[in-house]
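Worksheet: the structure to be examined is printed underneath.
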Amino acid sequence: MKRRDFIRLTGIGTLGLLFSGCGIFSDKAVSPAAAAENAGTAAEGTTEKKILVAFFSRKGDNYEVGYIEKGNTHILADMIAEEIPGADVFEIRTVKEYAADYRECTEEAKVEKEQDVRPQLATKAANFQDYDIVFLGYPIWWSDLPMPVYTFLESYDWHGKTVIPFCTSAGDVMTGLEDRVIPRYAKGAQVKLPGLGLSGKRVQQETESVRPQVKKWINELRQMGVL
Ligand SMILES: Cc1cc2nc3c(=O)[nH]c(=O)nc-3n(C[C@H](O)[C@H](O)[C@H](O)COP(=O)(O)O)c2cc1C
């Protein structure tokens, strides 16, 4: 299922942000020596840097997957953490849960986006100041990051931190907003692309088929000297 079809089926047609920006490197300023050094580190799969995999995800009835006990992005977040020894995982959760019914949830999210709401969060990341790198995961909601992710971005001091985004949606894409939006709300953060955008249905239903792609992406980040 292409994202275009999702838009058609759900009536999300007018946002015009849909196919831009996927897979672009925002920063290529890594010296060959530094890259080689980090590639060496990567071979052992370890890094000196402290890494957090933070994600927002929703269980319940969802697009093309029926009722799920573990959200698509949650599955992807856990897999990313499994591939990075020592990484911690943090779930961004809201005080008020979204409707388990898919249609109802899309309506709730639409109103929140239109009103630029900041839903209150129920979880707080411990020792956030200690992390060098934050992998940030979310489902695409209305061609954007879900509003709780904006609350998360505005809740911490991001100076000196690198954010690497990943997401799930109806297609294998990112929102295309990441390198503009994330630093605007996560003040002081530097965003590194490429992010990883995968079909939520595939992550949910063919989970192990995704792992080679996750490994490849992480290796690419290591070779860039990001990890
Ligand atoms: C409120 C809502 C809005 C969504 N908007 C989009 C969208 O704009 N584009 C898209 O491709 N998928 C959209 N989807 C589908 C989700 O991005 C997709 O099902 C995702 O994998 C869900 O991840 P999760 O299980 O981690 O919440 C939307 C789903 C919901 C619930």
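A note on labels: chains of the structure tokens are A, B, ... as shown, every chain counts residues from 1, and ligands are counted from 1 in their shown order.
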
Next on the checklist: Taking only C-alpha atoms and all ligand atoms and a cut-off of 7 Å, can you tell me which residues surround ligand 1, written as a PyMOL selection string?
Outcome noted: chain A and resi 3+6-7+12+56-59+62-63+71-74+102+105-107+109-110+138-144+168-171+199-201

Next on the checklist: When you look at Asp130 in chain A with a cut-off of 12 Å (counting only C-alpha atoms), what residues show up, excluding the ones that are within fewer than 3 positions of it in the same chain? I need them as an NGL selection string.
Outcome noted: :A and (49-52 or 88 or 125-127 or 133-134 or 156-161)

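Considering only C-alpha atoms, the residue among A:Gln204, A:Gln223, A:Thr162, A:Ser209 positioned nearest to Asp179 in chain A is A:Thr162.
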
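By only C-alpha atoms, and with residues fewer than 4 positions from Glu108 in chain A along its chain excluded, the set lying at most 9 Å from it is Tyr98, Ala99, Arg103, Glu104, Glu112 and Lys113 of chain A.
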
With C-alpha atoms kept, could you save the residues just selected as a PDB file, in the first residue's frame?
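Output (selection06.pdb):
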```
ATOM      1  CA  TYR A  98      -5.886   7.878  22.053  1.00  0.00           C
ATOM      2  CA  ALA A  99      -9.001   5.987  20.991  1.00  0.00           C
ATOM      3  CA  ARG A 103     -11.220   6.198  12.722  1.00  0.00           C
ATOM      4  CA  GLU A 104     -11.856   7.834  16.058  1.00  0.00           C
ATOM      5  CA  GLU A 112      -4.975  18.150  17.778  1.00  0.00           C
ATOM      6  CA  LYS A 113      -2.967  19.008  14.688  1.00  0.00           C
TER       7      LYS A 113
END
```

Checklist entry - Hey, what's within 9 Å of Pro165 in chain A if we count only C-alpha atoms and toss same-chain stuff fewer than 5 positions away? As a PyMOL selection string, please? => result chain A and resi 134-138+174+178+182+191-197

Selected residues written out with C-alpha atoms, as a PDB file, in the first residue's frame:
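Saved as out12.pdb:
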```pdb
ATOM      1  CA  VAL A 134      18.509  10.172  20.463  1.00  0.00           C
ATOM      2  CA  PHE A 135      16.882   7.953  17.873  1.00  0.00           C
ATOM      3  CA  LEU A 136      13.376   9.415  17.640  1.00  0.00           C
ATOM      4  CA  GLY A 137      10.553   7.193  16.375  1.00  0.00           C
ATOM      5  CA  TYR A 138       6.902   7.912  15.611  1.00  0.00           C
ATOM      6  CA  MET A 174       9.633   9.878   6.224  1.00  0.00           C
ATOM      7  CA  GLU A 178      12.300  16.135   9.946  1.00  0.00           C
ATOM      8  CA  ILE A 182      12.826  18.750  14.818  1.00  0.00           C
ATOM      9  CA  VAL A 191      19.306  16.264  13.118  1.00  0.00           C
ATOM     10  CA  LYS A 192      21.142  13.613  11.158  1.00  0.00           C
ATOM     11  CA  LEU A 193      19.636  11.980   8.104  1.00  0.00           C
ATOM     12  CA  PRO A 194      19.023   9.585   6.485  1.00  0.00           C
ATOM     13  CA  GLY A 195      16.247   8.552   8.784  1.00  0.00           C
ATOM     14  CA  LEU A 196      14.433   5.278   8.352  1.00  0.00           C
ATOM     15  CA  GLY A 197      10.834   5.262   7.118  1.00  0.00           C
TER      16      GLY A 197
END
```
